[in-house]
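Engineer: What follows is a structure written as structure tokens; I'll ask about it next.
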Amino acid sequence: MSWPWQYWRLARLLGELSGSREVRVASITPLDWIWGRLFGYGQLIFQVARAVDRALLESGAERAVLVGHSAGGVACRVYIGGQAPYGGRRYSGHRRVSHLITLGSPHLVADRKSLSPLAQVNEMFPGALHRPAGLRYISVAGAAAHGALSRRARRRYERLIDDGRVPGDGVVPVQSALLPGSEEIVLEEAYHSGGFERWYGSDLKMVERWWPEELRAG
């Protein structure tokens with residue numbers, strides 16, 4: 001869970017790569033995730049929708065590109081939606097989105113009660129659901145920390161899967177981060193988040209590894 005300001009640098013890099021000034025960060029905080037666990041995640045999806053609406057309004061574009069990090073990528077899948085209602089509301093963001101790019105998102109998880117919200121999303125909005133209609137899905141996984149070599153990484157991976165002796169980004173294992181039906185990118189040197197380690201949004205060279213060619217300026 002991260003604060004919005006932690007994505008400002010990534011937003012600037014995306015603006016530089018795409019030539020767009022209309023890069024928006026959804027106003028979702030760690031407190032919102034805690035609230036969501038207790039009372040439902042509807043408010044988080046609303047914040048995603050609000051960021052998309054603002055970006056489209058200010059840019060004049062017809063469709064947005066969604067980039068979701070960690071559980072934010074799963075929230076983006078809910079916003080993109082489908083026929084099934086989520087939390088009593090039917091979302092149809094697929095009509096306003098051209099690309100979904102997820103970074104270290106826990107899409108595939110073990111069958112456990114504690115992970116039931118993630119399993120519910122997979123049941124309601126399986127895989128690259130709107131790919132046949134032209135929506136491009138790209139799932140990006142980091143593989144800088146192997147659970148067989150790091151006890152800490154293994155413990156974290158086993159919050160999501162049964163056997164954590166696998167590669168991952170230090171928080172989410174590769175096998176969880178690759179959404180079925182999507183285009184898959186594995187970054188061997190990427191960790192889950194910033195600080196002293198390279199993560200998905202560390203610098204321009206790293207972002208260029210996963211940002212689609214057709215979305216680049218020039």
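As shown in the structure tokens, the chain order sets the letters A, B, ...; within each chain, residues go from 1, and ligands are also counted from 1 in the order they appear.
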Where does DSSP see strand (DSSP E or B) in chain A, if you list the residues as a ChimeraX atom specification?

Structural biologist: /A:64-69,86,89,97-103,136-142,145-146,167-168,173,183-187,191,199

Engineer: Kindly save the residues from that selection, with N, CA and C atoms included, as a compact mmCIF listing (two decimals), in the first residue's frame.

Structural biologist:
```txt
# COMPACT_ATOMS: atom_id res chain seq x y z
N ALA A 64 -8.58 6.30 -22.02
CA ALA A 64 -7.44 6.46 -21.13
C ALA A 64 -6.59 5.21 -21.09
N VAL A 65 -5.37 5.36 -20.64
CA VAL A 65 -4.47 4.24 -20.38
C VAL A 65 -4.38 4.09 -18.86
N LEU A 66 -4.73 2.93 -18.35
CA LEU A 66 -4.67 2.69 -16.91
C LEU A 66 -3.38 1.96 -16.56
N VAL A 67 -2.66 2.46 -15.55
CA VAL A 67 -1.49 1.79 -15.01
C VAL A 67 -1.77 1.53 -13.54
N GLY A 68 -1.82 0.27 -13.15
CA GLY A 68 -2.13 -0.07 -11.77
C GLY A 68 -0.99 -0.83 -11.13
N HIS A 69 -0.52 -0.34 -9.98
CA HIS A 69 0.57 -0.99 -9.25
C HIS A 69 0.02 -1.79 -8.09
N TYR A 86 -20.34 -5.39 -9.17
CA TYR A 86 -19.39 -5.57 -8.07
C TYR A 86 -19.81 -4.64 -6.93
N ARG A 89 -22.83 -2.52 -7.78
CA ARG A 89 -22.75 -1.54 -8.87
C ARG A 89 -22.06 -2.17 -10.08
N VAL A 97 -11.36 2.98 -21.66
CA VAL A 97 -9.96 2.59 -21.47
C VAL A 97 -9.45 1.85 -22.71
N SER A 98 -8.24 2.19 -23.16
CA SER A 98 -7.64 1.51 -24.32
C SER A 98 -6.60 0.47 -23.90
N HIS A 99 -5.92 0.73 -22.77
CA HIS A 99 -4.86 -0.16 -22.28
C HIS A 99 -4.99 -0.32 -20.76
N LEU A 100 -4.71 -1.51 -20.29
CA LEU A 100 -4.51 -1.74 -18.85
C LEU A 100 -3.14 -2.35 -18.66
N ILE A 101 -2.30 -1.66 -17.89
CA ILE A 101 -0.96 -2.15 -17.58
C ILE A 101 -0.88 -2.34 -16.08
N THR A 102 -0.60 -3.55 -15.64
CA THR A 102 -0.49 -3.81 -14.20
C THR A 102 0.96 -4.11 -13.85
N LEU A 103 1.39 -3.58 -12.72
CA LEU A 103 2.77 -3.71 -12.25
C LEU A 103 2.80 -4.45 -10.92
N ARG A 136 -6.13 -3.53 -24.72
CA ARG A 136 -4.83 -4.19 -24.62
C ARG A 136 -4.45 -4.36 -23.15
N TYR A 137 -4.20 -5.59 -22.75
CA TYR A 137 -3.79 -5.91 -21.38
C TYR A 137 -2.30 -6.25 -21.37
N ILE A 138 -1.56 -5.62 -20.45
CA ILE A 138 -0.15 -5.92 -20.27
C ILE A 138 0.10 -6.13 -18.78
N SER A 139 0.57 -7.30 -18.40
CA SER A 139 0.90 -7.54 -16.99
C SER A 139 2.41 -7.65 -16.84
N VAL A 140 2.94 -6.90 -15.90
CA VAL A 140 4.39 -6.81 -15.69
C VAL A 140 4.72 -7.40 -14.33
N ALA A 141 5.69 -8.30 -14.30
CA ALA A 141 6.13 -8.92 -13.05
C ALA A 141 7.61 -8.65 -12.83
N GLY A 142 8.00 -8.49 -11.59
CA GLY A 142 9.40 -8.37 -11.23
C GLY A 142 9.92 -9.70 -10.72
N ALA A 145 13.78 -10.97 -6.62
CA ALA A 145 13.94 -11.66 -5.34
C ALA A 145 13.38 -13.07 -5.44
N HIS A 146 14.23 -14.07 -5.24
CA HIS A 146 13.79 -15.47 -5.33
C HIS A 146 13.48 -15.99 -3.93
N PRO A 167 10.48 -17.15 -8.02
CA PRO A 167 10.91 -15.77 -8.25
C PRO A 167 9.74 -14.79 -8.13
N GLY A 168 10.09 -13.57 -7.79
CA GLY A 168 9.09 -12.52 -7.66
C GLY A 168 9.75 -11.18 -7.42
N PRO A 173 4.82 -12.85 -6.19
CA PRO A 173 5.55 -13.78 -7.06
C PRO A 173 5.16 -13.59 -8.52
N GLU A 183 -0.61 -9.72 -22.34
CA GLU A 183 0.79 -9.73 -22.76
C GLU A 183 1.63 -9.72 -21.50
N GLU A 184 2.63 -10.57 -21.43
CA GLU A 184 3.40 -10.74 -20.20
C GLU A 184 4.82 -10.21 -20.35
N ILE A 185 5.25 -9.45 -19.35
CA ILE A 185 6.61 -8.93 -19.31
C ILE A 185 7.19 -9.24 -17.93
N VAL A 186 8.35 -9.87 -17.91
CA VAL A 186 9.03 -10.16 -16.65
C VAL A 186 10.34 -9.38 -16.62
N LEU A 187 10.50 -8.55 -15.60
CA LEU A 187 11.69 -7.73 -15.43
C LEU A 187 12.56 -8.37 -14.35
N TYR A 191 12.12 -4.84 -8.34
CA TYR A 191 11.49 -5.11 -7.04
C TYR A 191 10.10 -4.48 -7.02
N TRP A 199 12.60 -0.44 -8.86
CA TRP A 199 11.27 -0.98 -9.00
C TRP A 199 10.73 -0.63 -10.39
```

Engineer: Show which residues sit within 7 Å of Tyr79 in chain A, as a ChimeraX atom specification. Count only C-alpha atoms, and ignore same-chain residues fewer than 3 positions away.

Structural biologist: /A:45,49,75-76,91-93

Engineer: Nearest to Arg54 in chain A among A:Arg12, A:His107, A:Arg216, A:Arg24, with distances taken over only C-alpha atoms: which residue is it?

Structural biologist: A:Arg24

Engineer: So which residues of range 163-212 of chain A fall under alpha helix (DSSP H) by DSSP, listed as a ChimeraX atom specification?

Structural biologist: /A:174-177,204-208

Engineer: Return the single residue from A:Ala153, A:Leu179, A:Val166, A:Ala144 that is closest to Asn122 in chain A, with distances computed using only C-alpha atoms.

Structural biologist: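 Once distances to Asn122 in chain A are computed over only C-alpha atoms, the minimum belongs to A:Leu179.
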
Engineer: Pick the closest to Ala55 in chain A from A:Glu16, A:Asp32, A:Glu22, A:Glu189: which is it, counting only C-alpha atoms?

Structural biologist: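 For Ala55 in chain A, the nearest of the given residues is A:Glu22.
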
Engineer: If we count only C-alpha atoms, what is near Arg154 in chain A at a cut-off of 12 Å, once residues fewer than 3 positions away on the same chain are taken out, given as a compact mmCIF listing (two decimals) with N, CA and C atoms, in the first residue's frame?

Structural biologist:
```txt
# COMPACT_ATOMS: atom_id res chain seq x y z
N ALA A 145 13.78 -10.97 -6.62
CA ALA A 145 13.94 -11.66 -5.34
C ALA A 145 13.38 -13.07 -5.44
N HIS A 146 14.23 -14.07 -5.24
CA HIS A 146 13.79 -15.47 -5.33
C HIS A 146 13.48 -15.99 -3.93
N GLY A 147 12.31 -16.58 -3.80
CA GLY A 147 11.88 -17.08 -2.50
C GLY A 147 12.73 -18.22 -1.97
N ALA A 148 13.44 -18.91 -2.85
CA ALA A 148 14.31 -19.99 -2.40
C ALA A 148 15.60 -19.45 -1.79
N LEU A 149 15.91 -18.19 -2.06
CA LEU A 149 17.14 -17.58 -1.58
C LEU A 149 16.90 -16.54 -0.48
N SER A 150 15.67 -16.09 -0.36
CA SER A 150 15.33 -15.06 0.63
C SER A 150 14.16 -15.54 1.48
N ARG A 151 14.40 -15.71 2.76
CA ARG A 151 13.33 -16.16 3.66
C ARG A 151 12.22 -15.11 3.74
N TYR A 157 5.59 -14.17 -0.32
CA TYR A 157 4.94 -14.87 -1.42
C TYR A 157 3.89 -15.85 -0.91
N GLU A 158 4.17 -16.45 0.24
CA GLU A 158 3.25 -17.45 0.76
C GLU A 158 2.01 -16.83 1.41
N ARG A 159 1.93 -15.52 1.42
CA ARG A 159 0.67 -14.86 1.75
C ARG A 159 -0.31 -14.98 0.57
N LEU A 160 0.26 -15.24 -0.63
CA LEU A 160 -0.55 -15.28 -1.85
C LEU A 160 -0.63 -16.66 -2.48
N ILE A 161 0.43 -17.46 -2.36
CA ILE A 161 0.48 -18.79 -2.97
C ILE A 161 0.95 -19.79 -1.93
N ASP A 162 0.89 -21.06 -2.26
CA ASP A 162 1.23 -22.10 -1.28
C ASP A 162 2.73 -22.30 -1.10
N ASP A 163 3.47 -22.27 -2.18
CA ASP A 163 4.92 -22.51 -2.10
C ASP A 163 5.65 -21.26 -2.58
N GLY A 164 6.32 -20.57 -1.65
CA GLY A 164 6.98 -19.31 -1.97
C GLY A 164 8.39 -19.43 -2.48
N ARG A 165 8.84 -20.61 -2.79
CA ARG A 165 10.21 -20.80 -3.29
C ARG A 165 10.26 -20.56 -4.80
N VAL A 166 9.85 -19.36 -5.18
CA VAL A 166 9.72 -19.00 -6.59
C VAL A 166 10.23 -17.56 -6.77
N PRO A 167 10.48 -17.15 -8.02
CA PRO A 167 10.91 -15.77 -8.25
C PRO A 167 9.74 -14.79 -8.13
N GLY A 168 10.09 -13.57 -7.79
CA GLY A 168 9.09 -12.52 -7.66
C GLY A 168 9.75 -11.18 -7.42
N ASP A 169 8.96 -10.19 -7.08
CA ASP A 169 9.50 -8.84 -6.87
C ASP A 169 9.76 -8.51 -5.40
N GLY A 170 9.70 -9.55 -4.56
CA GLY A 170 9.90 -9.34 -3.14
C GLY A 170 8.61 -9.29 -2.36
N VAL A 171 7.49 -9.06 -3.05
CA VAL A 171 6.16 -9.03 -2.43
C VAL A 171 5.20 -9.94 -3.18
N VAL A 172 5.19 -9.83 -4.49
CA VAL A 172 4.28 -10.61 -5.33
C VAL A 172 5.09 -11.55 -6.23
N PRO A 173 4.82 -12.85 -6.19
CA PRO A 173 5.55 -13.78 -7.06
C PRO A 173 5.16 -13.59 -8.52
```

Engineer: So which residues touch range 37-40 of chain A within 12 Å, counting only C-alpha atoms, skipping near sequence neighbours fewer than 2 positions away, as a compact mmCIF listing (two decimals) with N, CA and C atoms, in the first residue's frame?

Structural biologist:
```txt
# COMPACT_ATOMS: atom_id res chain seq x y z
N PRO A 30 -3.22 4.36 1.86
CA PRO A 30 -3.28 3.12 2.67
C PRO A 30 -4.51 3.06 3.57
N LEU A 31 -4.98 4.21 4.03
CA LEU A 31 -6.17 4.24 4.87
C LEU A 31 -7.40 3.78 4.09
N ASP A 32 -7.46 4.11 2.79
CA ASP A 32 -8.57 3.67 1.96
C ASP A 32 -8.59 2.15 1.82
N TRP A 33 -7.39 1.54 1.71
CA TRP A 33 -7.32 0.08 1.60
C TRP A 33 -7.79 -0.58 2.90
N ILE A 34 -7.42 0.01 4.03
CA ILE A 34 -7.87 -0.53 5.32
C ILE A 34 -9.39 -0.42 5.43
N TRP A 35 -9.92 0.73 5.05
CA TRP A 35 -11.38 0.93 5.06
C TRP A 35 -12.06 -0.07 4.14
N GLY A 42 -15.67 -0.23 -2.78
CA GLY A 42 -16.35 0.66 -3.72
C GLY A 42 -15.72 2.04 -3.82
N GLN A 43 -15.27 2.61 -2.69
CA GLN A 43 -14.69 3.94 -2.70
C GLN A 43 -13.39 3.97 -3.50
N LEU A 44 -12.61 2.89 -3.46
CA LEU A 44 -11.37 2.83 -4.22
C LEU A 44 -11.66 2.84 -5.72
N ILE A 45 -12.68 2.08 -6.13
CA ILE A 45 -13.02 2.04 -7.55
C ILE A 45 -13.53 3.42 -7.99
N PHE A 46 -14.24 4.09 -7.11
CA PHE A 46 -14.70 5.45 -7.41
C PHE A 46 -13.53 6.39 -7.66
N ALA A 75 -7.80 -3.37 -8.68
CA ALA A 75 -8.86 -2.36 -8.63
C ALA A 75 -9.20 -1.85 -10.03
N TYR A 86 -20.34 -5.39 -9.17
CA TYR A 86 -19.39 -5.57 -8.07
C TYR A 86 -19.81 -4.64 -6.93
N GLY A 87 -20.07 -5.22 -5.76
CA GLY A 87 -20.51 -4.40 -4.63
C GLY A 87 -21.82 -3.68 -4.90
N GLY A 88 -22.68 -4.31 -5.71
CA GLY A 88 -23.98 -3.72 -5.98
C GLY A 88 -23.98 -2.71 -7.12
N ARG A 89 -22.83 -2.52 -7.78
CA ARG A 89 -22.75 -1.54 -8.87
C ARG A 89 -22.06 -2.17 -10.08
N SER A 114 -8.85 -15.67 3.34
CA SER A 114 -8.26 -14.34 3.47
C SER A 114 -8.03 -13.67 2.12
N LEU A 115 -7.99 -14.49 1.06
CA LEU A 115 -7.75 -13.96 -0.29
C LEU A 115 -9.02 -13.94 -1.13
N SER A 116 -10.15 -14.14 -0.50
CA SER A 116 -11.41 -14.24 -1.24
C SER A 116 -11.76 -12.99 -2.05
N PRO A 117 -11.41 -11.75 -1.60
CA PRO A 117 -11.70 -10.60 -2.46
C PRO A 117 -11.00 -10.68 -3.81
N LEU A 118 -9.75 -11.17 -3.83
CA LEU A 118 -9.03 -11.32 -5.09
C LEU A 118 -9.64 -12.43 -5.94
```

Engineer: Give me the residues near range 124-133 of chain A as a compact mmCIF listing (two decimals) with C-alpha atoms, in the first residue's frame, where near means some atom within 7 Å (using only C-alpha atoms) and where sequence neighbours in that chain fewer than 4 positions away do not count.

Structural biologist:
```
# COMPACT_ATOMS: atom_id res chain seq x y z
CA GLY A 81 -15.76 -4.17 -15.32
CA GLY A 82 -18.12 -6.33 -17.29
CA ALA A 84 -21.43 -8.72 -13.40
CA GLN A 120 -13.97 -12.85 -6.40
CA TYR A 137 -3.79 -5.91 -21.38
CA LEU A 179 -2.77 -12.11 -15.79
CA PRO A 180 -4.03 -14.94 -18.03
CA GLY A 181 -4.62 -13.76 -21.58
CA SER A 182 -2.53 -10.62 -21.20
```
